[in-house]
Structures are given as structure tokens and as C-alpha cells.
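Asker: One structure, pasted below without further comment.
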Amino acid sequence: MDKAIQIKGTREGLTITLGASSMPDVLQDLGHQLRTQGAFFRGGAVALQATTRALTRDEIVAVRDLLADYDMTLRTIVTSNDVTRQAATQLDIKVVDAEPQRAVARAAPPREGREPTGPSTGDGMRGMLVKRVVRSGQTVRHAGHVVVIGDVNVGGEILAGGDIVVWGRLRGLAHAGCYGDEKALVCALELAPQQLRIAQHVARPAEGGRRAGDEPEVARVADGAIVVEPWDQARRQGAPR
Amino acid sequence: MSARIITITSGKGGVGKTTTVANLGVALSRMGQRVVVIDSDIGLRNLDMILGLQNRIIYDIVDLVEGRCRARQALIRDRVVPELYLLPAAQSRDKTAVSPADMVRICEQLRNECDFILVDSPAGIELGFRNAIAPSDEFILVTTPEYAALQDVDRVLGILESEGRDQTRLIINRMRPELSRRGDSLTVDQVLDVLGLDLLGIVPESEDVIAANVRGVPIAHAAETLAGQAYQNIARRLLGEQVAFIPLLKGRPKWWQRLGLGRRSAGNDGA
């Protein structure tokens, strides 16, 4: 899908930049991005980059309400357009002047491939491939699925909105379904984590450390708790989606 | 001449970075190399004591950075081996007295006058560590066979790797083969398994090392000791020689060990 908007995180919060698309497209794209990545952005303050675009009061309200559905606050509008400025002022939203010449640069189509993610998977989530050892102090964070080819060492962390697959030893922390997806899985060739989390469930190995099985294992939530079973068994029961 | 610049670091304190630097400096210079060892632990200098040079310090690294002396003046020549020089840390200042750029500049000045520059890193991953790694192309990570040290080395490795600095090798220090054979400390295999690094050497835990450090004559001078031999072997490996790991466990291996049965690492730990 062609992006009608771009969402970028900054130190102050999020910046949503509007392209030249029509307002219904903008709202649809914003809605889509919030649905898929909303949990990432939740609770943030948003600056809307409208540049030269004329936005009516109703249009701004529509954006504001959509953001509010995801606990986000429309705090500022960056614009050089008087219509937009007036509408924002009426709504008590802070206005920051955009330099008109920058609008020209923004009129260029958004650069391709700025998301650090691979192709989307069958369930609409994106996947991320990590091809190295995740060492102590390193965190891999991704809204979709995460596949690691390599070990996750003690002190390393994987946080994924979807599943986590480790083609190697998982000895650090893994949190699958970190936005609440209880169907998320954690699989590893050697599953010996410091702590395992799926959605809101937490499991840790018995004191003295968990001895990983000799075969690949799968962790999932069953009856309100995290269970770990050999890959073969999990497959027979059709656990992985 | 363009020296190889190597930083010795570990994350955790007390694993033997400074002892390693002193002994590799001694071992390399005994093999005819010109070596400069730099103590970058400003405010907590130690390397001078292990080399027994603490009474000869006139200028230090901060004096050099701040222009109060020339590099030649700050270098202290070793008492025993002829081509070993120490650039001492300052004891009265702190890490902020030197910047990573200063370290690069100092090492570039010295680079053409020696074969090796060994930089002794302070513990931690803050500015002192940043200073220590700034000038180097190669890194020697030092760990002991315990999880805390291992995890800190892993952390440091992560930082180095994320900056694309992948010339890293490992020394396992204070190895106690009996302890690891009983399963009471990590084995060499367990350490290598986690870190996935090239092993440069294993140094056995030894009272000789402590005594040598107190005397200010590093153990690498004493080739008859196991630890001294271990450091000399490491120096030879640094120079590209293939040196077999010497066995650390005394006595004949049990018959099942000779057959390669039983625990994988039993009896195989060597220096």
C-alpha cells in the first residue's frame, strides 16, 4: 500500500507527516498503521506535520479522535497554512510555523524501504531476521515476529509483538506477544531462558537453571500458563499456527 | 614500523586485565619485540606497581595529553627487559582528563616507534573504557571461569561488535581445572560456547602470579612456572605461532578420559 502518511518517533514523541493524499486516504492509512503498530506508540504525544496543506476543523478533529482511540494526544500541528492554523487554534491545539520551502522537499514521494522490516507474513504481521548473537545488554524489539539465527545470551532480550523463533540457544529473556497476543509462541533449538514471557504470562526456570531438552522446544500459553513441550509433540497437537 | 595496538578489556573488575597487560608486555619484549604498555585507568593506576616501576614516574598520560611533556619523557623503561616501556596513568585525576581522541593521538605518535602497544582498560563500559578502546584495532577480552565475568565480557563484546570492531580474542584467566572438572566452576568449553570467540590462551590460577605482582616482577619472567609459560605461549600466539595448549591437570588422565568418554572438557583444559 502506498503510504499516505509517515509516522516517525522522535525524542519529544511522534511526528506524523501528511503527504498529498486525500483526507479519507490519510485517515485510512493512519488507522491501519495504528492498528498494526499502535501498541508501539500508545500514550504518546503527537505532532502533525501538515506543512502547506489546508485542514478544516473537522478533519483535524477526525485525526485527533482516531489518535485518542490509541491513547495518543494530538499536541501540535506544524503548518504554514492559515486555514489550518485557524482551525487548530479553535481546537486549542498548539501551532508551530512550518517553513514554506520545506513543503517542496516533502512533496517528493516518501523514500522506499525506510522500515527496517522484511516482507509481511501471512497474518499481516511483519517479520524481522536477526542474524547474529544477541549478547548481554542488547535488546531486539519488534512489533511483529522475530527470528534469530544465533544464540540469545544471558542478559540479552527479545521483545516481539508476535512469535519468537531462535535457531540457536535461548538463554536470555524472550517476551513473545508483548502487546497481549496469547497465541504467540517462543521456539528455540535449545530453550533455556532466564525468563520467558508470553503476553502477560511470566515463567522462569526452577532455581538452579532449567536444563534444556535435547531437542527443539516450543513454549506457548495453555490454560492460563506457559507450557513448554518438545517441538515434535507441539506439532502433532497442531499448536503452532 | 607500525605497531599493533591491542586493548585488553573485560567489563568486570578483578579478572586480571592489568596482570595480563604486564605479563604480555614482558613476554613479548623477551621475544625481542618493542612494546609500550599504556595504563588508561586514570585515577586508579596499578600497572606501574605490577611492573615495579611506581617509584620512577615523573610524567604521566595526563601530562602528555595536556602538553607538559613529550611522549619520550613520559615513557618509563622497564627495569628488567630492555624494550618494554610504560606510559603510566595519572593517579590524581579522573577519566575525564583524557578523551578518546587524545588516546588515538597518543597511540599514533607512538605507533612508529614500537611493535606493540598494549592498552590496559579500566573496568566498566563508561568513558574510561571508551578511551581504552578508541585507538585499537585488536582486542583481548579477559574472563574468569564464572558467570558474572562471562556476562560482562559478553556485554563488552556486544558493544565492540556493534561498532564493527571484530578482531577479538579471549584469555581465560585464573582457571582452576580441578574445580571445573568437579563442575564447581565453568569449563573452557562452556565459556567458549557462550562467547563464540577465538581462544588466545588459558592462564591457571596460581599463587605465583600474586607473589610476582607483589614483587613487581611479572610471572612471565619465570618460564618454569605454569602461569609464566602460559603467558609466553599467549605472546607466541599473538605473533602468529601455532602453540599447543599445555595440559593444566597433573597426573595421568583416567582411562575413560583418554578414550574421550565422560564429560567433554575433563582433563582437556590447557594453557
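How things are named: the first chain in the C-alpha cells is A, the next is B, and so on; residues count from 1 in each chain; ligands count from 1 in the order shown.
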Run DSSP on the backbone and tell me which residues of segment 21-163 of chain B come out as helix (DSSP H, G or I); list them as a ChimeraX atom specification.

Answerer: /B:21-30,47-50,54-56,61-65,71-74,95-97,100-111,127-133,147-162

Asker: Please identify all residues of chain B having at least one atom at most 6 Å from any atom of chain A, considering only C-alpha atoms, and return them as a list in words.

Answerer: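 Within 6 Å of chain A on chain B, we get Asp154, Arg155 and Gly158 of chain B.
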
Asker: Residues of the last selection are to be written out with all heavy atoms, as a short mmCIF file (atom, residue, chain, number, x, y, z; two decimals), in the first residue's frame.

Answerer:
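Okay, result09.cif is ready:
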```
data_model
loop_
_atom_site.label_atom_id
_atom_site.label_comp_id
_atom_site.auth_asym_id
_atom_site.auth_seq_id
_atom_site.Cartn_x
_atom_site.Cartn_y
_atom_site.Cartn_z
N ASP B 154 30.62 -10.66 27.60
CA ASP B 154 29.60 -10.74 26.55
C ASP B 154 29.06 -9.35 26.23
O ASP B 154 28.87 -8.99 25.07
CB ASP B 154 28.48 -11.67 27.04
CG ASP B 154 27.58 -12.14 25.90
OD1 ASP B 154 28.13 -12.53 24.85
OD2 ASP B 154 26.36 -12.10 26.07
N ARG B 155 28.83 -8.57 27.28
CA ARG B 155 28.33 -7.21 27.11
C ARG B 155 29.34 -6.36 26.33
O ARG B 155 28.99 -5.65 25.40
CB ARG B 155 28.09 -6.60 28.49
CG ARG B 155 27.65 -5.16 28.50
CD ARG B 155 26.15 -5.07 28.40
NE ARG B 155 25.68 -3.71 28.59
CZ ARG B 155 25.48 -2.85 27.60
NH1 ARG B 155 25.70 -3.21 26.37
NH2 ARG B 155 25.03 -1.64 27.84
N GLY B 158 29.45 -7.26 22.76
CA GLY B 158 28.30 -6.70 22.05
C GLY B 158 28.57 -5.27 21.63
O GLY B 158 28.26 -4.86 20.51
#
```

Asker: Which residues come within 12 Å of segment 105-109 of chain B, counting only C-alpha atoms, excluding same-chain residues fewer than 4 positions away, as a ChimeraX atom specification?

Answerer: /B:1-7,36-38,40,61-67,70-72,74-75,87,98-101,113-119,131-137

Asker: So which one's closest to Asp82 of chain A, A:Ile198, A:Leu30, A:Leu185, A:Val95? Using only C-alpha atoms, please.

Answerer: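 Among A:Ile198, A:Leu30, A:Leu185, A:Val95, it is A:Val95 that comes nearest to Asp82 of chain A.
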
Asker: Pick out each residue of segment 18-153 of chain B that DSSP on the backbone tags as strand (DSSP E); I need them as a list in words.

Answerer: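 So, restricting segment 18-153 of chain B to strand (DSSP E), we get Val35, Val36, Val37, Ile38, Asp39, Ile76, Arg77, Leu84, Tyr85, Leu86, Leu87, Phe116, Ile117, Leu118, Val119, Asp120, Glu138, Phe139, Ile140, Leu141, Val142 and Thr143 of chain B.
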
Asker: Residues near segment 213-226 of chain A, anyone? I mean within 10 Å using only C-alpha atoms, not counting same-chain ones fewer than 3 positions away, as a ChimeraX atom specification.

Answerer: /A:163-169,176,181-192,196-204,210,229-235,239-240

Asker: Using C-alpha atoms, can you write the selected residues to a file as a PDB file, in the first residue's frame?

Answerer:
```
ATOM      1  CA  ASP A 163       6.309 -15.066  17.764  1.00  0.00           C
ATOM      2  CA  ILE A 164       9.968 -15.557  18.608  1.00  0.00           C
ATOM      3  CA  VAL A 165      11.987 -18.242  16.896  1.00  0.00           C
ATOM      4  CA  VAL A 166      15.591 -18.796  17.949  1.00  0.00           C
ATOM      5  CA  TRP A 167      17.660 -21.004  15.700  1.00  0.00           C
ATOM      6  CA  GLY A 168      20.215 -21.447  18.414  1.00  0.00           C
ATOM      7  CA  ARG A 169      20.299 -21.303  22.200  1.00  0.00           C
ATOM      8  CA  ALA A 176       6.518 -13.010  22.696  1.00  0.00           C
ATOM      9  CA  ASP A 181      -1.213 -11.815  21.979  1.00  0.00           C
ATOM     10  CA  GLU A 182      -1.666 -15.003  23.986  1.00  0.00           C
ATOM     11  CA  LYS A 183      -1.329 -17.142  20.871  1.00  0.00           C
ATOM     12  CA  ALA A 184       2.276 -16.100  20.431  1.00  0.00           C
ATOM     13  CA  LEU A 185       4.964 -18.777  20.592  1.00  0.00           C
ATOM     14  CA  VAL A 186       8.570 -18.978  21.613  1.00  0.00           C
ATOM     15  CA  CYS A 187      10.576 -21.686  19.874  1.00  0.00           C
ATOM     16  CA  ALA A 188      14.265 -22.437  20.244  1.00  0.00           C
ATOM     17  CA  LEU A 189      16.649 -25.200  19.320  1.00  0.00           C
ATOM     18  CA  GLU A 190      17.779 -25.036  22.927  1.00  0.00           C
ATOM     19  CA  LEU A 191      15.233 -23.409  25.163  1.00  0.00           C
ATOM     20  CA  ALA A 192      16.956 -22.425  28.403  1.00  0.00           C
ATOM     21  CA  LEU A 196      10.050 -16.444  29.358  1.00  0.00           C
ATOM     22  CA  ARG A 197       7.082 -14.172  28.822  1.00  0.00           C
ATOM     23  CA  ILE A 198       4.108 -14.627  26.554  1.00  0.00           C
ATOM     24  CA  ALA A 199       1.547 -11.810  26.614  1.00  0.00           C
ATOM     25  CA  GLN A 200       1.066 -11.121  30.341  1.00  0.00           C
ATOM     26  CA  HIS A 201       2.297 -14.532  31.485  1.00  0.00           C
ATOM     27  CA  VAL A 202       5.715 -14.959  33.013  1.00  0.00           C
ATOM     28  CA  ALA A 203       7.619 -18.166  33.527  1.00  0.00           C
ATOM     29  CA  ARG A 204      11.059 -18.670  34.888  1.00  0.00           C
ATOM     30  CA  ARG A 210      16.464 -25.052  33.512  1.00  0.00           C
ATOM     31  CA  GLU A 229       6.976 -29.061  25.080  1.00  0.00           C
ATOM     32  CA  PRO A 230       9.199 -30.711  22.516  1.00  0.00           C
ATOM     33  CA  TRP A 231       8.745 -29.403  19.010  1.00  0.00           C
ATOM     34  CA  ASP A 232       7.503 -32.742  17.684  1.00  0.00           C
ATOM     35  CA  GLN A 233       4.797 -33.042  20.274  1.00  0.00           C
ATOM     36  CA  ALA A 234       3.686 -29.467  19.798  1.00  0.00           C
ATOM     37  CA  ARG A 235       3.451 -30.046  16.087  1.00  0.00           C
ATOM     38  CA  ALA A 239      -0.099 -25.835  18.358  1.00  0.00           C
ATOM     39  CA  PRO A 240       1.886 -23.640  16.004  1.00  0.00           C
TER      40      PRO A 240
END
```

Asker: So that I can see what lies close to Leu27 of chain A, please list as a ChimeraX atom specification the residues with an atom at most 12 Å from it, counting only C-alpha atoms and leaving out residues fewer than 5 positions away in the same chain.

Answerer: /A:3-6,16,18-19,21-22,32-35,59-67

Asker: Would you compute the distance between atom CA of Leu226 of chain B and atom CA of Gly11 of chain B? Give it in Å to one decimal.

Answerer: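 Distance between the two atoms: 26.1 Å.
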
Asker: Thr84 of chain A: which residues within 12 Å, counting only C-alpha atoms, same-chain residues fewer than 5 positions away excluded, as a PDB file with all heavy atoms, in the first residue's frame?

Answerer:
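Output (around_3.pdb):
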```pdb
ATOM      1  N   LEU A  48       1.621  16.839  14.314  1.00  0.00           N
ATOM      2  CA  LEU A  48       1.146  16.583  12.963  1.00  0.00           C
ATOM      3  C   LEU A  48       1.814  17.561  12.009  1.00  0.00           C
ATOM      4  O   LEU A  48       1.681  18.779  12.148  1.00  0.00           O
ATOM      5  CB  LEU A  48      -0.379  16.765  12.925  1.00  0.00           C
ATOM      6  CG  LEU A  48      -1.090  16.327  11.649  1.00  0.00           C
ATOM      7  CD1 LEU A  48      -1.025  14.817  11.492  1.00  0.00           C
ATOM      8  CD2 LEU A  48      -2.546  16.794  11.671  1.00  0.00           C
ATOM      9  N   GLN A  49       2.560  17.023  11.051  1.00  0.00           N
ATOM     10  CA  GLN A  49       3.236  17.850  10.055  1.00  0.00           C
ATOM     11  C   GLN A  49       2.293  18.030   8.881  1.00  0.00           C
ATOM     12  O   GLN A  49       2.195  17.162   8.026  1.00  0.00           O
ATOM     13  CB  GLN A  49       4.503  17.142   9.568  1.00  0.00           C
ATOM     14  CG  GLN A  49       5.684  17.219  10.500  1.00  0.00           C
ATOM     15  CD  GLN A  49       6.551  18.419  10.202  1.00  0.00           C
ATOM     16  OE1 GLN A  49       6.188  19.272   9.380  1.00  0.00           O
ATOM     17  NE2 GLN A  49       7.686  18.507  10.880  1.00  0.00           N
ATOM     18  N   ALA A  50       1.600  19.175   8.840  1.00  0.00           N
ATOM     19  CA  ALA A  50       0.646  19.382   7.753  1.00  0.00           C
ATOM     20  C   ALA A  50       1.226  20.285   6.676  1.00  0.00           C
ATOM     21  O   ALA A  50       0.666  20.411   5.594  1.00  0.00           O
ATOM     22  CB  ALA A  50      -0.637  19.980   8.311  1.00  0.00           C
ATOM     23  N   THR A  51       2.321  20.922   6.979  1.00  0.00           N
ATOM     24  CA  THR A  51       3.016  21.857   6.079  1.00  0.00           C
ATOM     25  C   THR A  51       2.053  22.821   5.372  1.00  0.00           C
ATOM     26  O   THR A  51       1.379  23.593   6.031  1.00  0.00           O
ATOM     27  CB  THR A  51       3.916  21.119   5.077  1.00  0.00           C
ATOM     28  OG1 THR A  51       3.152  20.145   4.394  1.00  0.00           O
ATOM     29  CG2 THR A  51       5.047  20.440   5.808  1.00  0.00           C
ATOM     30  N   THR A  52       1.947  22.735   4.048  1.00  0.00           N
ATOM     31  CA  THR A  52       1.145  23.744   3.334  1.00  0.00           C
ATOM     32  C   THR A  52      -0.328  23.383   3.235  1.00  0.00           C
ATOM     33  O   THR A  52      -1.140  24.154   2.744  1.00  0.00           O
ATOM     34  CB  THR A  52       1.654  23.922   1.892  1.00  0.00           C
ATOM     35  OG1 THR A  52       1.624  22.641   1.265  1.00  0.00           O
ATOM     36  CG2 THR A  52       3.060  24.473   1.881  1.00  0.00           C
ATOM     37  N   ARG A  53      -0.637  22.202   3.666  1.00  0.00           N
ATOM     38  CA  ARG A  53      -1.975  21.667   3.477  1.00  0.00           C
ATOM     39  C   ARG A  53      -3.046  22.428   4.256  1.00  0.00           C
ATOM     40  O   ARG A  53      -2.837  22.771   5.418  1.00  0.00           O
ATOM     41  CB  ARG A  53      -1.925  20.238   3.976  1.00  0.00           C
ATOM     42  CG  ARG A  53      -2.842  19.328   3.267  1.00  0.00           C
ATOM     43  CD  ARG A  53      -2.719  17.963   3.872  1.00  0.00           C
ATOM     44  NE  ARG A  53      -3.978  17.333   3.613  1.00  0.00           N
ATOM     45  CZ  ARG A  53      -4.093  16.194   2.958  1.00  0.00           C
ATOM     46  NH1 ARG A  53      -3.014  15.541   2.606  1.00  0.00           N
ATOM     47  NH2 ARG A  53      -5.273  15.711   2.704  1.00  0.00           N
ATOM     48  N   ALA A  54      -4.199  22.632   3.632  1.00  0.00           N
ATOM     49  CA  ALA A  54      -5.320  23.268   4.326  1.00  0.00           C
ATOM     50  C   ALA A  54      -6.157  22.191   4.997  1.00  0.00           C
ATOM     51  O   ALA A  54      -6.718  21.326   4.327  1.00  0.00           O
ATOM     52  CB  ALA A  54      -6.165  24.063   3.334  1.00  0.00           C
ATOM     53  N   LEU A  55      -6.248  22.239   6.304  1.00  0.00           N
ATOM     54  CA  LEU A  55      -7.050  21.264   7.035  1.00  0.00           C
ATOM     55  C   LEU A  55      -8.220  21.985   7.689  1.00  0.00           C
ATOM     56  O   LEU A  55      -8.042  23.029   8.314  1.00  0.00           O
ATOM     57  CB  LEU A  55      -6.214  20.577   8.120  1.00  0.00           C
ATOM     58  CG  LEU A  55      -5.048  19.698   7.669  1.00  0.00           C
ATOM     59  CD1 LEU A  55      -4.296  19.177   8.887  1.00  0.00           C
ATOM     60  CD2 LEU A  55      -5.559  18.535   6.833  1.00  0.00           C
ATOM     61  N   THR A  56      -9.404  21.413   7.557  1.00  0.00           N
ATOM     62  CA  THR A  56     -10.556  22.014   8.220  1.00  0.00           C
ATOM     63  C   THR A  56     -10.598  21.535   9.662  1.00  0.00           C
ATOM     64  O   THR A  56      -9.904  20.592  10.045  1.00  0.00           O
ATOM     65  CB  THR A  56     -11.870  21.600   7.533  1.00  0.00           C
ATOM     66  OG1 THR A  56     -12.025  20.187   7.726  1.00  0.00           O
ATOM     67  CG2 THR A  56     -11.831  21.924   6.056  1.00  0.00           C
ATOM     68  N   ARG A  57     -11.449  22.190  10.420  1.00  0.00           N
ATOM     69  CA  ARG A  57     -11.599  21.835  11.827  1.00  0.00           C
ATOM     70  C   ARG A  57     -12.026  20.367  11.940  1.00  0.00           C
ATOM     71  O   ARG A  57     -11.485  19.614  12.750  1.00  0.00           O
ATOM     72  CB  ARG A  57     -12.671  22.753  12.416  1.00  0.00           C
ATOM     73  CG  ARG A  57     -12.820  22.656  13.897  1.00  0.00           C
ATOM     74  CD  ARG A  57     -13.709  23.803  14.387  1.00  0.00           C
ATOM     75  NE  ARG A  57     -13.758  23.786  15.835  1.00  0.00           N
ATOM     76  CZ  ARG A  57     -14.663  23.110  16.524  1.00  0.00           C
ATOM     77  NH1 ARG A  57     -15.584  22.401  15.907  1.00  0.00           N
ATOM     78  NH2 ARG A  57     -14.643  23.141  17.852  1.00  0.00           N
ATOM     79  N   ASP A  58     -12.992  19.973  11.090  1.00  0.00           N
ATOM     80  CA  ASP A  58     -13.498  18.597  11.160  1.00  0.00           C
ATOM     81  C   ASP A  58     -12.408  17.570  10.853  1.00  0.00           C
ATOM     82  O   ASP A  58     -12.352  16.510  11.460  1.00  0.00           O
ATOM     83  CB  ASP A  58     -14.663  18.410  10.173  1.00  0.00           C
ATOM     84  CG  ASP A  58     -15.922  19.111  10.658  1.00  0.00           C
ATOM     85  OD1 ASP A  58     -15.920  19.539  11.845  1.00  0.00           O
ATOM     86  OD2 ASP A  58     -16.871  19.233   9.874  1.00  0.00           O
ATOM     87  N   GLU A  59     -11.574  17.929   9.890  1.00  0.00           N
ATOM     88  CA  GLU A  59     -10.504  16.999   9.520  1.00  0.00           C
ATOM     89  C   GLU A  59      -9.522  16.811  10.676  1.00  0.00           C
ATOM     90  O   GLU A  59      -9.064  15.701  10.964  1.00  0.00           O
ATOM     91  CB  GLU A  59      -9.782  17.503   8.262  1.00  0.00           C
ATOM     92  CG  GLU A  59     -10.612  17.301   7.003  1.00  0.00           C
ATOM     93  CD  GLU A  59     -10.017  17.996   5.787  1.00  0.00           C
ATOM     94  OE1 GLU A  59      -9.239  18.960   5.960  1.00  0.00           O
ATOM     95  OE2 GLU A  59     -10.331  17.565   4.667  1.00  0.00           O
ATOM     96  N   ILE A  60      -9.210  17.923  11.325  1.00  0.00           N
ATOM     97  CA  ILE A  60      -8.288  17.820  12.462  1.00  0.00           C
ATOM     98  C   ILE A  60      -8.927  17.004  13.585  1.00  0.00           C
ATOM     99  O   ILE A  60      -8.289  16.162  14.222  1.00  0.00           O
ATOM    100  CB  ILE A  60      -7.891  19.221  12.967  1.00  0.00           C
ATOM    101  CG1 ILE A  60      -7.135  19.970  11.867  1.00  0.00           C
ATOM    102  CG2 ILE A  60      -7.019  19.110  14.216  1.00  0.00           C
ATOM    103  CD1 ILE A  60      -6.788  21.394  12.222  1.00  0.00           C
ATOM    104  N   VAL A  61     -10.218  17.258  13.806  1.00  0.00           N
ATOM    105  CA  VAL A  61     -10.930  16.506  14.851  1.00  0.00           C
ATOM    106  C   VAL A  61     -10.902  15.008  14.543  1.00  0.00           C
ATOM    107  O   VAL A  61     -10.675  14.171  15.426  1.00  0.00           O
ATOM    108  CB  VAL A  61     -12.395  17.007  14.980  1.00  0.00           C
ATOM    109  CG1 VAL A  61     -13.211  16.054  15.841  1.00  0.00           C
ATOM    110  CG2 VAL A  61     -12.409  18.402  15.591  1.00  0.00           C
ATOM    111  N   THR A  76       0.517  19.135  18.787  1.00  0.00           N
ATOM    112  CA  THR A  76       0.917  20.276  17.944  1.00  0.00           C
ATOM    113  C   THR A  76       0.634  19.989  16.470  1.00  0.00           C
ATOM    114  O   THR A  76       0.609  18.827  16.042  1.00  0.00           O
ATOM    115  CB  THR A  76       2.435  20.554  18.052  1.00  0.00           C
ATOM    116  OG1 THR A  76       3.110  19.305  18.118  1.00  0.00           O
ATOM    117  CG2 THR A  76       2.772  21.373  19.254  1.00  0.00           C
ATOM    118  N   ILE A  77       0.419  21.070  15.744  1.00  0.00           N
ATOM    119  CA  ILE A  77       0.305  20.956  14.294  1.00  0.00           C
ATOM    120  C   ILE A  77       1.361  21.891  13.691  1.00  0.00           C
ATOM    121  O   ILE A  77       1.465  23.060  14.074  1.00  0.00           O
ATOM    122  CB  ILE A  77      -1.106  21.342  13.806  1.00  0.00           C
ATOM    123  CG1 ILE A  77      -2.111  20.331  14.334  1.00  0.00           C
ATOM    124  CG2 ILE A  77      -1.147  21.406  12.278  1.00  0.00           C
ATOM    125  CD1 ILE A  77      -3.524  20.545  13.839  1.00  0.00           C
ATOM    126  N   VAL A  78       2.150  21.344  12.806  1.00  0.00           N
ATOM    127  CA  VAL A  78       3.169  22.147  12.148  1.00  0.00           C
ATOM    128  C   VAL A  78       2.624  22.538  10.781  1.00  0.00           C
ATOM    129  O   VAL A  78       2.333  21.673   9.955  1.00  0.00           O
ATOM    130  CB  VAL A  78       4.478  21.350  11.982  1.00  0.00           C
ATOM    131  CG1 VAL A  78       5.575  22.233  11.387  1.00  0.00           C
ATOM    132  CG2 VAL A  78       4.929  20.772  13.318  1.00  0.00           C
ATOM    133  N   THR A  79       2.443  23.819  10.557  1.00  0.00           N
ATOM    134  CA  THR A  79       1.785  24.244   9.320  1.00  0.00           C
ATOM    135  C   THR A  79       2.239  25.634   8.897  1.00  0.00           C
ATOM    136  O   THR A  79       2.718  26.421   9.707  1.00  0.00           O
ATOM    137  CB  THR A  79       0.248  24.248   9.503  1.00  0.00           C
ATOM    138  OG1 THR A  79      -0.356  24.618   8.270  1.00  0.00           O
ATOM    139  CG2 THR A  79      -0.176  25.229  10.586  1.00  0.00           C
ATOM    140  N   THR A  89      -6.137  26.542  16.113  1.00  0.00           N
ATOM    141  CA  THR A  89      -6.266  27.470  17.229  1.00  0.00           C
ATOM    142  C   THR A  89      -7.633  27.321  17.893  1.00  0.00           C
ATOM    143  O   THR A  89      -7.756  27.329  19.106  1.00  0.00           O
ATOM    144  CB  THR A  89      -6.070  28.922  16.740  1.00  0.00           C
ATOM    145  OG1 THR A  89      -4.919  28.944  15.897  1.00  0.00           O
ATOM    146  CG2 THR A  89      -5.854  29.860  17.898  1.00  0.00           C
ATOM    147  N   GLN A  90      -8.663  27.174  17.058  1.00  0.00           N
ATOM    148  CA  GLN A  90     -10.016  26.981  17.581  1.00  0.00           C
ATOM    149  C   GLN A  90     -10.089  25.748  18.474  1.00  0.00           C
ATOM    150  O   GLN A  90     -10.828  25.702  19.448  1.00  0.00           O
ATOM    151  CB  GLN A  90     -11.012  26.777  16.426  1.00  0.00           C
ATOM    152  CG  GLN A  90     -11.481  28.059  15.787  1.00  0.00           C
ATOM    153  CD  GLN A  90     -12.366  27.749  14.593  1.00  0.00           C
ATOM    154  OE1 GLN A  90     -13.015  26.712  14.553  1.00  0.00           O
ATOM    155  NE2 GLN A  90     -12.378  28.655  13.624  1.00  0.00           N
ATOM    156  N   LEU A  91      -9.322  24.724  18.093  1.00  0.00           N
ATOM    157  CA  LEU A  91      -9.381  23.449  18.824  1.00  0.00           C
ATOM    158  C   LEU A  91      -8.394  23.422  19.987  1.00  0.00           C
ATOM    159  O   LEU A  91      -8.209  22.405  20.642  1.00  0.00           O
ATOM    160  CB  LEU A  91      -9.054  22.290  17.877  1.00  0.00           C
ATOM    161  CG  LEU A  91     -10.137  21.987  16.850  1.00  0.00           C
ATOM    162  CD1 LEU A  91      -9.588  21.101  15.756  1.00  0.00           C
ATOM    163  CD2 LEU A  91     -11.317  21.321  17.533  1.00  0.00           C
ATOM    164  N   ILE A  93      -5.200  23.536  19.854  1.00  0.00           N
ATOM    165  CA  ILE A  93      -4.014  22.739  19.567  1.00  0.00           C
ATOM    166  C   ILE A  93      -2.882  23.693  19.210  1.00  0.00           C
ATOM    167  O   ILE A  93      -3.084  24.656  18.464  1.00  0.00           O
ATOM    168  CB  ILE A  93      -4.278  21.756  18.402  1.00  0.00           C
ATOM    169  CG1 ILE A  93      -5.341  20.746  18.827  1.00  0.00           C
ATOM    170  CG2 ILE A  93      -2.994  21.042  17.986  1.00  0.00           C
ATOM    171  CD1 ILE A  93      -5.855  19.903  17.704  1.00  0.00           C
ATOM    172  N   LYS A  94      -1.724  23.445  19.764  1.00  0.00           N
ATOM    173  CA  LYS A  94      -0.589  24.328  19.559  1.00  0.00           C
ATOM    174  C   LYS A  94      -0.159  24.333  18.085  1.00  0.00           C
ATOM    175  O   LYS A  94      -0.113  23.289  17.436  1.00  0.00           O
ATOM    176  CB  LYS A  94       0.577  23.836  20.421  1.00  0.00           C
ATOM    177  CG  LYS A  94       1.671  24.854  20.621  1.00  0.00           C
ATOM    178  CD  LYS A  94       2.708  24.283  21.585  1.00  0.00           C
ATOM    179  CE  LYS A  94       4.077  24.824  21.246  1.00  0.00           C
ATOM    180  NZ  LYS A  94       5.145  24.021  21.812  1.00  0.00           N
ATOM    181  N   VAL A  95       0.120  25.531  17.591  1.00  0.00           N
ATOM    182  CA  VAL A  95       0.527  25.646  16.188  1.00  0.00           C
ATOM    183  C   VAL A  95       1.999  26.049  16.111  1.00  0.00           C
ATOM    184  O   VAL A  95       2.447  26.941  16.820  1.00  0.00           O
ATOM    185  CB  VAL A  95      -0.331  26.701  15.460  1.00  0.00           C
ATOM    186  CG1 VAL A  95       0.150  26.857  14.021  1.00  0.00           C
ATOM    187  CG2 VAL A  95      -1.798  26.312  15.504  1.00  0.00           C
ATOM    188  N   VAL A  96       2.741  25.351  15.292  1.00  0.00           N
ATOM    189  CA  VAL A  96       4.134  25.706  15.048  1.00  0.00           C
ATOM    190  C   VAL A  96       4.261  26.045  13.571  1.00  0.00           C
ATOM    191  O   VAL A  96       3.719  25.335  12.722  1.00  0.00           O
ATOM    192  CB  VAL A  96       5.068  24.529  15.401  1.00  0.00           C
ATOM    193  CG1 VAL A  96       6.512  24.864  15.034  1.00  0.00           C
ATOM    194  CG2 VAL A  96       4.955  24.193  16.879  1.00  0.00           C
ATOM    195  N   ASP A  97       4.934  27.132  13.294  1.00  0.00           N
ATOM    196  CA  ASP A  97       5.062  27.548  11.893  1.00  0.00           C
ATOM    197  C   ASP A  97       6.031  26.646  11.141  1.00  0.00           C
ATOM    198  O   ASP A  97       7.141  26.404  11.589  1.00  0.00           O
ATOM    199  CB  ASP A  97       5.572  28.991  11.825  1.00  0.00           C
ATOM    200  CG  ASP A  97       4.432  29.964  12.063  1.00  0.00           C
ATOM    201  OD1 ASP A  97       3.287  29.625  11.678  1.00  0.00           O
ATOM    202  OD2 ASP A  97       4.679  31.036  12.642  1.00  0.00           O
ATOM    203  N   ALA A  98       5.574  26.178  10.005  1.00  0.00           N
ATOM    204  CA  ALA A  98       6.468  25.412   9.125  1.00  0.00           C
ATOM    205  C   ALA A  98       7.075  26.386   8.132  1.00  0.00           C
ATOM    206  O   ALA A  98       6.437  27.345   7.733  1.00  0.00           O
ATOM    207  CB  ALA A  98       5.687  24.340   8.397  1.00  0.00           C
TER     208      ALA A  98
END
```

Asker: So that I can see what lies close to Ser10 of chain B, please list as JSON, numbers by chain the residues with an atom at most 12 Å from it, counting only C-alpha atoms and leaving out residues fewer than 6 positions away in the same chain.

Answerer: {"B": [16, 17, 18, 20, 120, 121, 122, 123, 124, 125, 129, 132, 133, 139, 140, 141, 142, 143, 144, 148, 149, 150, 151, 152, 153, 154, 155, 156, 157, 158, 159, 160, 168, 169, 170, 171, 172, 173]}

Asker: With only C-alpha atoms as the atoms that count, which of B:Gly14, B:Gly216, B:Gly201, B:Pro247 lies nearest to Gly52 of chain B?

Answerer: B:Gly216

Asker: Just to confirm, what's the straight-line distance from atom CA of Arg165 of chain B to atom CA of Leu44 of chain B in Å (one decimal)?

Answerer: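 Computed distance, atom CA of Arg165 of chain B to atom CA of Leu44 of chain B, equals 26.7 Å.
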